[in-house]
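Structure, as structure tokens:
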Amino acid sequence: RPARRYYTPAAPSTLKVLGTDYPADSYTNITPTIISKLSLQLHRQPAHPLGTLRMLIESHFPSFSHLSCLSPIVTPYQNFDSLSFPADHPGRSVTDSYYLNKDVMLRTHTSAHEVETFAKGETKWLLTADVYRRDEIDGSHYPVFHQMEGAEIFEATPSSMKKVEEDNEQLSAHLERSNIVIEDIPHITSTNPAQPSHDPRHSEIIALNLKLHLNSLLLELFGGVAGASKEEPLRVRWIEAYFPFTSPSYEVEVFFRGKWLEILGCGVVLQSTLDRANVPSKLGWAFGLGLERIAMILYSIPDIRLFWSRDERFLSQFTPGKISTFKPYSKFPACFKDVSFWLPDRPETQAKMHDNDFCDLARDVAGDLVEDVKVIDKFTHPKTNRDSLCYRINYRSMDRSLSNEEVNAIQDLVISHLKDRFGVEIR
Ligand code: FA5
Ligand code: MG
């Protein structure tokens with residue numbers, strides 16, 4: 001039995017995940033709640049909003065390969081190194097990502113499969129999958145969500161670039177006839193440069209092709225929904241972005257109910273990615289979009305936890321292939337509980353307890369009854385260097401009323417786990 005680690009959940013010495021045994025080590029931080037999600041594959045259920053959305057986007061790209069069955073268990077090489085993430089990138093830390101052990105993790109994005117997919121010889125493809133990130137808890141953040149990666153690569157020759165330019169002309173003509181207002185930015189700037197190995201004219205053509213494909217996808221998805229009408233066109237805005245594996249890079253936002261909502265990240269694929277995939281003579285684009293964000297808009301789904309509901313009042317509302325407006329059933333009352341505690345003595349050099357550690361613990365004990373978790377108070381005692389923390393957990397069930405006794409019992413369980421795992425002293 002490994003020694004208990006400070007500020008991380010105690011783990012058994014091996015864990016069984018999707019039928020395989022993995023030895024645990026000091027990286028192991030995957031929780032039973034997360035393990036229970038790995039086999040669900042909501043994006044492959046035809047009547048589920050995420051399944052329908054996948055299908056609609058796939059039919060917008062009929063000539064692309066459609067991939068959606070890849071295991072969420074990947075190596076840090078796939079998730080990070082193959083995409084040129086620097087060794088000290090914060091996403092690699094155990095506070096941000098789920099690890100089975102130091103060699104095996106859950107993908108944090110669908111880009112983890114870029115190199116292997118290009119290496120298989122795919123030149124135009126969509127790949128849909130569940131992705132996992134340790135994060136705060138609220139109505140729009142859940143530790144599991146779904147992304148769709150799309151990519152197309154071309155031979156870097158004058159004749160092949162000429163074909164892309166012709167494609168660009170057709171796509172532009174279609175968009176010009178449509179009710180969409182695009183706030184664009186230059187394809188390439190000094191802060192969002194073309195790659196040194198690329199002919200900048202080729203990079204411009206590829207970036208334009210990417211923008212046109214995505215603008216027409218967003219028009220098809222949101223055209224009738226986001227208040228788009230004769231008076232009110234769909235508004236899309238392009239923003240300069242940074243990803244370690246694309247340059248130039250962009251993010252795209254859609255204006256919906258008075259707010260700009262980030263939908264996707266994208267860019268011109270870094271040449272080193274294509275070199276690693278053994279297709280060094282090609283160049284192209286890739287994007288990664290968040291399916292829940294889009295589905296919440298299209299279906300008017302108010303809380304991201306609903307995607308995981310097994311309640312018939314949720315599931316029976318949807319038909320395969322059809323977008324419909326979700327009719328909320330009665331919202332049951334919420335009930336919040338605070339917990340204040342001292343962490344044990346901590347040497348200056350030791351990591352503090354991370355908010356994500358608390359969120360995972362709460363989620364593990366109470367599951368989807370946790371609506372959100374807020375930090376109420378936090379300080380370090382100046383003399384003893386002890387940390388004092390106070391968190392507020394808001395409990396609410398999506399399908400029934402919780403009694404105060406029931407919530408108290410759950411909160412007691414949270415507290416006893418806190419004591420066991422982190423050695424806290426309740427204040
Ligand atoms: C990425 O994950 C990149 N892999 C995207 C990419 C692909 C860039 C290919 C370049 C080329 P990002 O972390 O921003 O980027 O996530 C992409 C999208 O996923 C976001 O725009 C958002 O729609 C969605 N997303 C991100 N975090 C969450 C979350 N916690 N909950 C729901 N959706 C999320
Ligand atoms: Mg982003």
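Ordering of the structure tokens sets the chain letters (A, B, ...); residue numbers start at 1 within each chain; ligands are numbered from 1 in the order shown.
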Find the spatial neighbours of A:Thr117, counting only C-alpha atoms, within a cut-off of 12 Å - ignore same-chain residues fewer than 2 positions away - and output them as a tab-separated table (two decimals) with C-alpha atoms, in the first residue's frame.
chain	number	residue	atom	x	y	z
A	65	SER	CA	-14.05	10.69	-42.64
A	66	HIS	CA	-16.20	10.54	-39.51
A	67	LEU	CA	-14.43	9.05	-36.49
A	68	SER	CA	-16.00	8.71	-33.05
A	70	LEU	CA	-11.40	6.32	-29.97
A	78	GLN	CA	-0.37	12.04	-27.54
A	110	THR	CA	-9.59	15.80	-29.27
A	111	SER	CA	-6.35	17.27	-30.69
A	112	ALA	CA	-4.64	14.38	-28.85
A	113	HIS	CA	-5.52	12.23	-31.90
A	114	GLU	CA	-4.19	14.55	-34.62
A	115	VAL	CA	-0.84	12.86	-35.22
A	119	ALA	CA	-0.44	9.17	-39.83
A	120	LYS	CA	-3.22	6.75	-40.87
A	121	GLY	CA	-3.42	8.67	-44.15
A	122	GLU	CA	-6.60	10.61	-43.38
A	123	THR	CA	-6.53	13.99	-45.15
A	124	LYS	CA	-10.01	15.33	-44.28
A	125	TRP	CA	-11.66	14.13	-41.11
A	126	LEU	CA	-13.93	14.87	-38.16
A	127	LEU	CA	-13.32	13.18	-34.81
A	149	GLU	CA	-11.95	17.98	-34.05
A	150	GLY	CA	-11.97	18.72	-37.78
A	151	ALA	CA	-9.00	18.93	-40.11
A	152	GLU	CA	-8.08	19.05	-43.75
A	153	ILE	CA	-4.58	18.90	-45.20
A	273	THR	CA	2.68	17.84	-36.14
A	274	LEU	CA	2.57	16.80	-39.81
A	276	ARG	CA	5.56	13.53	-36.76
A	277	ALA	CA	2.66	12.02	-38.72
A	278	ASN	CA	4.95	11.32	-41.67
A	279	VAL	CA	3.15	13.71	-44.04
_Contact residues around stretch 134-145 of chain A with only C-alpha atoms at 9 Å, ignoring same-chain residues under 2 positions, as a PyMOL selection string_ = chain A and resi 34+37+94-98+129-132+147+290-293+302-305+355-357+359-360+363+370-374
*Name all residues at most 12 Å from A:Ser249 (count only C-alpha atoms; drop same-chain ones fewer than 2 positions away) and give them as JSON, numbers by chain.*
{"A": [185, 186, 187, 188, 189, 191, 192, 193, 194, 195, 203, 206, 207, 210, 211, 238, 239, 240, 241, 242, 243, 244, 245, 246, 247, 251, 252, 264, 265, 266, 267, 268, 269, 270, 285, 286, 287, 288]}
*Contacts of A:Phe255 at 8 Å (only C-alpha atoms; same-chain gap of 2+ positions) as a PyMOL selection string*: chain A and resi 226+234-236+253+257-261
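The smallest atom-to-atom distance between ligand 2 and any of A:Lys352, A:Ile263, A:Thr28, A:Phe379, using only C-alpha atoms and all ligand atoms, is found for A:Ile263.
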*Check the DSSP output for the backbone and give back, as a ChimeraX atom specification, the residues of stretch 48-283 of chain A in alpha helix (DSSP H).*
/A:49-60,76-79,114-119,158-176,200-222,271-276
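Atom pair atom CA of A:Gly367 / atom CA of A:Ala295 has a distance of 22.5 Å (rounded to one decimal).
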Contacts of A:Gln317 within 12 Å, only C-alpha atoms, excl. fewer than 2 positions in-chain, as an mmCIF file with C-alpha atoms, in the first residue's frame:
data_model
loop_
_atom_site.group_PDB
_atom_site.id
_atom_site.type_symbol
_atom_site.label_atom_id
_atom_site.label_comp_id
_atom_site.auth_asym_id
_atom_site.auth_seq_id
_atom_site.Cartn_x
_atom_site.Cartn_y
_atom_site.Cartn_z
ATOM 1 C CA ALA A 47 -31.502 10.683 -29.908
ATOM 2 C CA HIS A 48 -29.254 12.467 -27.435
ATOM 3 C CA PRO A 49 -28.715 16.168 -28.261
ATOM 4 C CA TYR A 299 -31.736 23.162 -27.588
ATOM 5 C CA ILE A 301 -30.548 23.451 -22.318
ATOM 6 C CA ARG A 310 -31.125 9.483 -17.263
ATOM 7 C CA ASP A 311 -34.480 11.015 -16.403
ATOM 8 C CA GLU A 312 -37.189 10.152 -18.932
ATOM 9 C CA ARG A 313 -38.502 13.710 -18.668
ATOM 10 C CA PHE A 314 -35.197 14.740 -20.254
ATOM 11 C CA LEU A 315 -34.422 11.851 -22.625
ATOM 12 C CA THR A 319 -35.753 12.709 -31.602
ATOM 13 C CA PRO A 320 -32.729 11.531 -33.624
ATOM 14 C CA LYS A 322 -33.888 16.865 -34.987
ATOM 15 C CA ILE A 323 -33.168 20.033 -32.999
ATOM 16 C CA SER A 324 -36.002 20.886 -30.622
ATOM 17 C CA THR A 325 -36.438 23.313 -27.747
ATOM 18 C CA PHE A 326 -35.964 21.689 -24.355
ATOM 19 C CA LYS A 327 -38.912 22.244 -22.013
ATOM 20 C CA PRO A 328 -37.589 22.466 -18.465
ATOM 21 C CA TYR A 329 -39.465 20.416 -15.932
#
*Go through stretch 151-353 of chain A and collect every residue that DSSP, computed from the backbone, puts in strand (DSSP E); the answer should be as a count of residues only.*
55
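Compared by their closest atoms to ligand 1, and using only C-alpha atoms and all ligand atoms, the residues A:Asp345, A:Asp167, A:Glu262, A:Asp412 rank with A:Glu262 nearest.
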*Find the distance between atom CA of A:Leu175 and atom CA of A:Ser216 and write it in Å to one decimal.*
6.7 Å
Extract, using only C-alpha atoms, all DNA, RNA and protein residues at most 10 Å from stretch 416-418 of chain A, discarding same-chain residues fewer than 4 positions from it, and format them as a short mmCIF file (atom, residue, chain, number, x, y, z; two decimals) with C-alpha atoms, in the first residue's frame.
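The new file around30.cif reads:
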data_model
loop_
_atom_site.label_atom_id
_atom_site.label_comp_id
_atom_site.auth_asym_id
_atom_site.auth_seq_id
_atom_site.Cartn_x
_atom_site.Cartn_y
_atom_site.Cartn_z
CA TYR A 7 -3.61 16.80 -0.44
CA PRO A 9 -7.05 11.44 -2.74
CA PHE A 341 -11.59 23.89 8.04
CA LEU A 343 -5.52 22.12 6.68
CA PHE A 358 -12.19 19.90 -3.20
CA LEU A 361 -14.10 15.15 -3.58
CA ALA A 362 -17.54 16.77 -3.47
CA ASP A 364 -17.24 11.88 -5.72
CA VAL A 365 -19.40 11.86 -2.60
CA ILE A 410 -24.30 13.97 2.34
CA GLN A 411 -22.50 16.98 3.81
CA ASP A 412 -21.41 14.85 6.81
CA PHE A 422 -6.61 15.65 3.77
CA GLY A 423 -6.34 15.42 7.55
CA VAL A 424 -8.33 18.64 7.99
CA GLU A 425 -9.56 20.06 11.25
CA ILE A 426 -13.14 21.32 11.01
#
*Hey, which of A:Ile415, A:Leu402, A:Val181, A:Met148 ends up closest to A:Leu53? Count only C-alpha atoms.*
A:Met148
